[in-house]
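S.K.: Mind looking over this structure? Questions follow.
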Amino acid sequence: MSFSGEVKQEIVAHRLQRSCCRHAAAYGIACFARNFDEKGLLLYTEQLCIAEYAQWVFGQIGVEGHIHQKGSASSPAYEFEISNPEEMQKLKNLFGLEEGICFRINSKNICCSRCTGAFLGAAFLCSGTMSDPNKDYHLEFTSSRQMLAKDLEGILAEHEFSPKRTLRKGTAVIYIKASEKIEDLLTLMGATSSSLELMNVKVYRDIRNKANRITNCETANIDKTVAANLKSIQAIRYLQQSGVWELQSDSLRYAGDLRLQWPDLSLSQLAEKFQPPISKSGLNHRLRKLESIAATLQERSSHEQQDS
Ligand SMILES: [Zn+2]
């Protein structure tokens, strides 16, 4: 399966806890589906799980739709369709489209902080692709509706994803190139494993490039460095995303910032970057400390999710 396909499977498997977020996801599908007009809504996809997700998410807001199998046995495709006039009326009322269907993103349909991720995830299911990170860092959304694409770009820009816009054969393309921004967006959309995989590929690539240049470093050593660095980086990112980074001590934040700045350096190399330089074990101690704080937080938040 392509990397894009994996991201989409992960988005589909990510359960949306709140009803406002399910509403936002349904709205995202409506905006970015192949057709959405007075006659009905039609989503076309090659992945059955996406059609089923659409059916589930609309079911959650009380709107019924049907899945039809299309394509051939060798290349199957699926349509998710809402065409019953009563169901369409419900949909228009829910999304505030009583005056008629218009392709601007109405922010009233995106309420809580997690709604944005649900909306963007749904948009990605309908219109997104991402290249294999081993080849390139590139994530994009496409739409033939120019104003909709502009609004999407606005939402992404507002959340500091640094989107760019271009035209490809009359279709608007909104894309993101910076790997860190792509990682954050994948996390926000619920594709956390894909985000980690991207980070993994990137750190591995950086370290391998450097090792190839300097010495004929053994692969086993590289793997060990990559694994250790990634563990720290993930913990630091997690603390930043959870909004508790500023609460950490200056010395821990300094160590974390330097680790992010030089993700590919070994511990002893990184220790030399400190002003004044510190010992390898001193640095190791600080990074382990950050990892343990992140692990405690993560555990607590997974318990809270189970309880709710
Ligand atoms: Zn929400």
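Residues in the structure tokens are named by chain (A, B, ... in the order shown) and by number from 1 within that chain; ligands are numbered from 1 in the order shown.
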Could you name the residues that touch range 274-278 of chain A at 10 Å or less, counting only C-alpha atoms, but leaving out those on the same chain fewer than 4 positions away, as a VMD selection string?
M.R.: chain A and resid 254 to 255 258 268 to 270 282 to 283
S.K.: Taking only C-alpha atoms and all ligand atoms into account, which residues are within 6 Å of ligand 1, as an MDAnalysis selection string?
M.R.: chainID A and resid 18 20:21 111:112 114:115
S.K.: Assign secondary structure with DSSP using the backbone only, and return the residues of range 116-233 of chain A in strand (DSSP E or B) as a list in words.
M.R.: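 Everything in range 116-233 of chain A that counts as strand (DSSP E or B) is Gly128, Thr129, Met130, Leu139, Glu140, Phe141, Thr142, Ser143, Lys164, Arg165, Thr166, Leu167, Arg168, Thr171, Ala172, Val173, Ile174, Tyr175 and Ile176 of chain A.
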S.K.: When you count only C-alpha atoms, which of these residues is closest to Leu267 in chain A: A:Gln248, A:Ile293, A:Arg205, A:Thr225?
M.R.: A:Thr225
S.K.: Identify, with DSSP run on backbone atoms, the residues in range 26-272 of chain A assigned to helix (DSSP H, G or I), and express the list as a PyMOL selection string.
M.R.: chain A and resi 26-32+48-60+85-95+107-109+113-127+146-158+179-188+192-214+219-241+245-247+250-261+267-272
S.K.: Just how far from CA of Cys31 in chain A is CA of Lys8 in chain A, in Å to one decimal?
M.R.: 17.3 Å
S.K.: Near Thr192 in chain A, counting only C-alpha atoms, which residues have an atom at most 12 Å away, once you skip same-chain residues fewer than 5 positions from it, shown as a PDB file with C-alpha atoms, in the first residue's frame?
M.R.:
ATOM      1  CA  GLU A   6      -1.626   4.085   5.023  1.00  0.00           C
ATOM      2  CA  VAL A   7      -2.314   7.635   6.206  1.00  0.00           C
ATOM      3  CA  LYS A   8      -5.930   7.308   5.083  1.00  0.00           C
ATOM      4  CA  GLN A   9      -6.375   3.968   6.828  1.00  0.00           C
ATOM      5  CA  GLU A  10      -5.094   5.519  10.006  1.00  0.00           C
ATOM      6  CA  ILE A  11      -7.439   8.509   9.749  1.00  0.00           C
ATOM      7  CA  ALA A  13      -9.372   4.028  12.225  1.00  0.00           C
ATOM      8  CA  HIS A  14      -9.003   7.075  14.494  1.00  0.00           C
ATOM      9  CA  GLY A 117      -8.163  17.823  12.806  1.00  0.00           C
ATOM     10  CA  GLY A 121      -8.617  14.481   8.043  1.00  0.00           C
ATOM     11  CA  ILE A 182       3.638  17.549   7.594  1.00  0.00           C
ATOM     12  CA  GLU A 183       4.399  15.602  10.782  1.00  0.00           C
ATOM     13  CA  ASP A 184       2.283  18.002  12.821  1.00  0.00           C
ATOM     14  CA  LEU A 185      -0.576  17.904  10.329  1.00  0.00           C
ATOM     15  CA  LEU A 186      -0.589  14.089  10.247  1.00  0.00           C
ATOM     16  CA  THR A 187      -0.724  14.069  14.049  1.00  0.00           C
ATOM     17  CA  GLU A 197       7.268   7.018  10.451  1.00  0.00           C
ATOM     18  CA  LEU A 198       7.965  10.229   8.577  1.00  0.00           C
ATOM     19  CA  MET A 199      10.102  11.495  11.458  1.00  0.00           C
ATOM     20  CA  GLN A 234       9.167  12.271  19.976  1.00  0.00           C
ATOM     21  CA  TYR A 238       4.842  15.529  22.570  1.00  0.00           C
TER      22      TYR A 238
END
S.K.: Do a neighbour search on Leu239 in chain A at 12 Å with only C-alpha atoms, toss out local chain neighbours closer than 6 positions, and write the hits as a list in words.
M.R.: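 Selected residues are Ser232, Ile233, Trp245, Glu246, Leu247, Gln248, Leu252, Arg253, Gly256, Asp257, Lys289, Leu290, Glu291, Ser292, Ile293, Ala294, Ala295, Thr296, Leu297 and Gln298 of chain A.
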S.K.: Let me see the file: selected residues, all heavy atoms, as a short mmCIF file (atom, residue, chain, number, x, y, z; two decimals), in the first residue's frame.
M.R.:
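Just written: selection37.cif:
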data_model
loop_
_atom_site.label_atom_id
_atom_site.label_comp_id
_atom_site.auth_asym_id
_atom_site.auth_seq_id
_atom_site.Cartn_x
_atom_site.Cartn_y
_atom_site.Cartn_z
N SER A 232 13.95 10.63 21.96
CA SER A 232 13.99 11.95 22.59
C SER A 232 13.15 12.95 21.82
O SER A 232 12.39 13.72 22.39
CB SER A 232 15.42 12.50 22.65
OG SER A 232 16.31 11.52 23.08
N ILE A 233 13.29 12.93 20.49
CA ILE A 233 12.57 13.91 19.66
C ILE A 233 11.06 13.75 19.83
O ILE A 233 10.33 14.73 19.99
CB ILE A 233 12.98 13.78 18.18
CG1 ILE A 233 14.45 14.20 18.02
CG2 ILE A 233 12.10 14.63 17.29
CD1 ILE A 233 15.06 13.85 16.67
N TRP A 245 5.52 22.52 27.49
CA TRP A 245 6.95 22.73 27.25
C TRP A 245 7.49 23.88 28.10
O TRP A 245 8.54 23.79 28.70
CB TRP A 245 7.18 22.99 25.76
CG TRP A 245 8.62 23.09 25.37
CD1 TRP A 245 9.25 24.17 24.83
CD2 TRP A 245 9.62 22.08 25.50
NE1 TRP A 245 10.57 23.89 24.60
CE2 TRP A 245 10.82 22.60 25.01
CE3 TRP A 245 9.61 20.76 25.97
CZ2 TRP A 245 12.01 21.88 24.98
CZ3 TRP A 245 10.79 20.04 25.95
CH2 TRP A 245 11.96 20.60 25.45
N GLU A 246 6.71 24.96 28.15
CA GLU A 246 7.16 26.15 28.88
C GLU A 246 7.28 25.88 30.38
O GLU A 246 7.92 26.64 31.10
CB GLU A 246 6.20 27.32 28.64
CG GLU A 246 6.10 27.76 27.18
CD GLU A 246 7.46 28.12 26.56
OE1 GLU A 246 8.28 28.73 27.26
OE2 GLU A 246 7.69 27.77 25.38
N LEU A 247 6.64 24.82 30.84
CA LEU A 247 6.67 24.52 32.28
C LEU A 247 7.96 23.79 32.67
O LEU A 247 8.27 23.66 33.86
CB LEU A 247 5.48 23.63 32.68
CG LEU A 247 4.08 24.18 32.32
CD1 LEU A 247 3.01 23.19 32.73
CD2 LEU A 247 3.86 25.53 33.02
N GLN A 248 8.71 23.31 31.69
CA GLN A 248 9.94 22.58 32.01
C GLN A 248 11.06 23.56 32.39
O GLN A 248 11.04 24.72 32.01
CB GLN A 248 10.37 21.71 30.80
CG GLN A 248 9.26 20.82 30.24
CD GLN A 248 8.58 19.98 31.29
OE1 GLN A 248 9.23 19.41 32.17
NE2 GLN A 248 7.26 19.89 31.22
N LEU A 252 16.36 21.77 30.92
CA LEU A 252 15.72 20.72 30.12
C LEU A 252 15.31 21.26 28.76
O LEU A 252 15.49 20.61 27.72
CB LEU A 252 14.49 20.16 30.85
CG LEU A 252 14.75 19.27 32.06
CD1 LEU A 252 13.43 18.74 32.63
CD2 LEU A 252 15.67 18.10 31.71
N ARG A 253 14.77 22.47 28.76
CA ARG A 253 14.33 23.04 27.47
C ARG A 253 15.51 23.33 26.56
O ARG A 253 15.43 23.14 25.35
CB ARG A 253 13.50 24.32 27.71
CG ARG A 253 12.03 24.00 27.99
CD ARG A 253 11.19 25.25 28.03
NE ARG A 253 11.52 26.01 29.22
CZ ARG A 253 11.69 27.33 29.25
NH1 ARG A 253 11.56 28.04 28.15
NH2 ARG A 253 11.99 27.93 30.38
N GLY A 256 16.47 20.11 25.05
CA GLY A 256 15.46 19.71 24.05
C GLY A 256 15.57 20.52 22.77
O GLY A 256 15.52 19.97 21.66
N ASP A 257 15.76 21.85 22.94
CA ASP A 257 15.86 22.70 21.75
C ASP A 257 17.07 22.31 20.90
O ASP A 257 16.99 22.28 19.67
CB ASP A 257 15.97 24.18 22.16
CG ASP A 257 14.65 24.71 22.71
OD1 ASP A 257 13.61 24.10 22.38
OD2 ASP A 257 14.66 25.71 23.45
N LYS A 289 15.25 12.44 31.20
CA LYS A 289 14.28 13.11 32.08
C LYS A 289 13.07 13.58 31.25
O LYS A 289 11.93 13.35 31.63
CB LYS A 289 14.98 14.29 32.77
CG LYS A 289 14.10 15.12 33.67
CD LYS A 289 13.99 14.53 35.06
CE LYS A 289 12.93 15.27 35.87
NZ LYS A 289 12.38 14.48 36.95
N LEU A 290 13.35 14.21 30.12
CA LEU A 290 12.27 14.68 29.24
C LEU A 290 11.42 13.50 28.77
O LEU A 290 10.19 13.58 28.73
CB LEU A 290 12.86 15.42 28.02
CG LEU A 290 13.39 16.83 28.29
CD1 LEU A 290 14.16 17.35 27.09
CD2 LEU A 290 12.23 17.79 28.63
N GLU A 291 12.08 12.40 28.43
CA GLU A 291 11.35 11.22 27.97
C GLU A 291 10.44 10.69 29.07
O GLU A 291 9.31 10.28 28.80
CB GLU A 291 12.32 10.12 27.53
CG GLU A 291 12.96 10.43 26.19
CD GLU A 291 14.17 9.53 25.89
OE1 GLU A 291 14.27 8.44 26.49
OE2 GLU A 291 15.01 9.93 25.06
N SER A 292 10.93 10.70 30.30
CA SER A 292 10.11 10.13 31.36
C SER A 292 8.92 11.05 31.68
O SER A 292 7.83 10.58 31.97
CB SER A 292 10.95 9.77 32.58
OG SER A 292 10.89 10.79 33.55
N ILE A 293 9.12 12.36 31.59
CA ILE A 293 8.00 13.29 31.82
C ILE A 293 6.93 13.06 30.74
O ILE A 293 5.73 12.97 31.02
CB ILE A 293 8.47 14.77 31.79
CG1 ILE A 293 9.45 15.04 32.93
CG2 ILE A 293 7.28 15.71 31.88
CD1 ILE A 293 10.15 16.39 32.85
N ALA A 294 7.40 12.92 29.48
CA ALA A 294 6.45 12.71 28.38
C ALA A 294 5.71 11.39 28.55
O ALA A 294 4.50 11.31 28.35
CB ALA A 294 7.19 12.75 27.05
N ALA A 295 6.43 10.35 28.97
CA ALA A 295 5.79 9.03 29.11
C ALA A 295 4.71 9.07 30.18
O ALA A 295 3.62 8.52 30.02
CB ALA A 295 6.85 7.98 29.46
N THR A 296 4.99 9.78 31.30
CA THR A 296 4.00 9.89 32.37
C THR A 296 2.75 10.60 31.88
O THR A 296 1.62 10.15 32.12
CB THR A 296 4.60 10.68 33.56
OG1 THR A 296 5.86 10.13 33.87
CG2 THR A 296 3.70 10.63 34.77
N LEU A 297 2.97 11.71 31.16
CA LEU A 297 1.83 12.48 30.63
C LEU A 297 1.00 11.66 29.67
O LEU A 297 -0.24 11.67 29.71
CB LEU A 297 2.36 13.69 29.86
CG LEU A 297 2.39 15.03 30.55
CD1 LEU A 297 2.87 16.08 29.56
CD2 LEU A 297 0.99 15.39 31.05
N GLN A 298 1.72 10.95 28.79
CA GLN A 298 1.05 10.16 27.76
C GLN A 298 0.17 9.08 28.39
O GLN A 298 -0.94 8.84 27.97
CB GLN A 298 2.10 9.48 26.89
CG GLN A 298 1.91 9.74 25.42
CD GLN A 298 3.20 9.55 24.65
OE1 GLN A 298 4.27 9.33 25.24
NE2 GLN A 298 3.13 9.62 23.35
#
S.K.: Please identify all polymer residues within 8 Å of Tyr204 in chain A, counting only C-alpha atoms, omitting same-chain residues fewer than 3 positions from it, and present them as a ChimeraX atom specification.
M.R.: /A:200-201,207-208,222-223,226,264
S.K.: Those same residues - C-alpha atoms - I'd like them written as an mmCIF file, in the first residue's frame.
M.R.:
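Contents of part27.cif, freshly written:
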data_model
loop_
_atom_site.group_PDB
_atom_site.id
_atom_site.type_symbol
_atom_site.label_atom_id
_atom_site.label_comp_id
_atom_site.auth_asym_id
_atom_site.auth_seq_id
_atom_site.Cartn_x
_atom_site.Cartn_y
_atom_site.Cartn_z
ATOM 1 C CA ASN A 200 11.902 8.168 11.526
ATOM 2 C CA VAL A 201 12.696 8.243 7.805
ATOM 3 C CA ILE A 207 22.255 10.453 9.936
ATOM 4 C CA ARG A 208 23.034 8.050 7.114
ATOM 5 C CA ILE A 222 23.412 4.169 12.889
ATOM 6 C CA ASP A 223 20.277 2.269 13.822
ATOM 7 C CA VAL A 226 18.513 6.842 15.167
ATOM 8 C CA ASP A 264 21.144 13.666 13.674
#
S.K.: Can you work out the spacing between CA of Ala54 in chain A and CA of Phe124 in chain A in Å, to one decimal?
M.R.: 12.6 Å
S.K.: Pick out the residues sitting within 6 Å of Thr171 in chain A, and hand them over as an mmCIF file with C-alpha atoms, in the first residue's frame; count only C-alpha atoms, and ignore anything fewer than 4 positions along from it in its own chain.
M.R.:
data_model
loop_
_atom_site.group_PDB
_atom_site.id
_atom_site.type_symbol
_atom_site.label_atom_id
_atom_site.label_comp_id
_atom_site.auth_asym_id
_atom_site.auth_seq_id
_atom_site.Cartn_x
_atom_site.Cartn_y
_atom_site.Cartn_z
ATOM 1 C CA SER A 143 -10.001 20.779 -5.425
ATOM 2 C CA SER A 144 -11.606 22.055 -8.594
ATOM 3 C CA LEU A 167 -2.868 25.413 -10.184
#
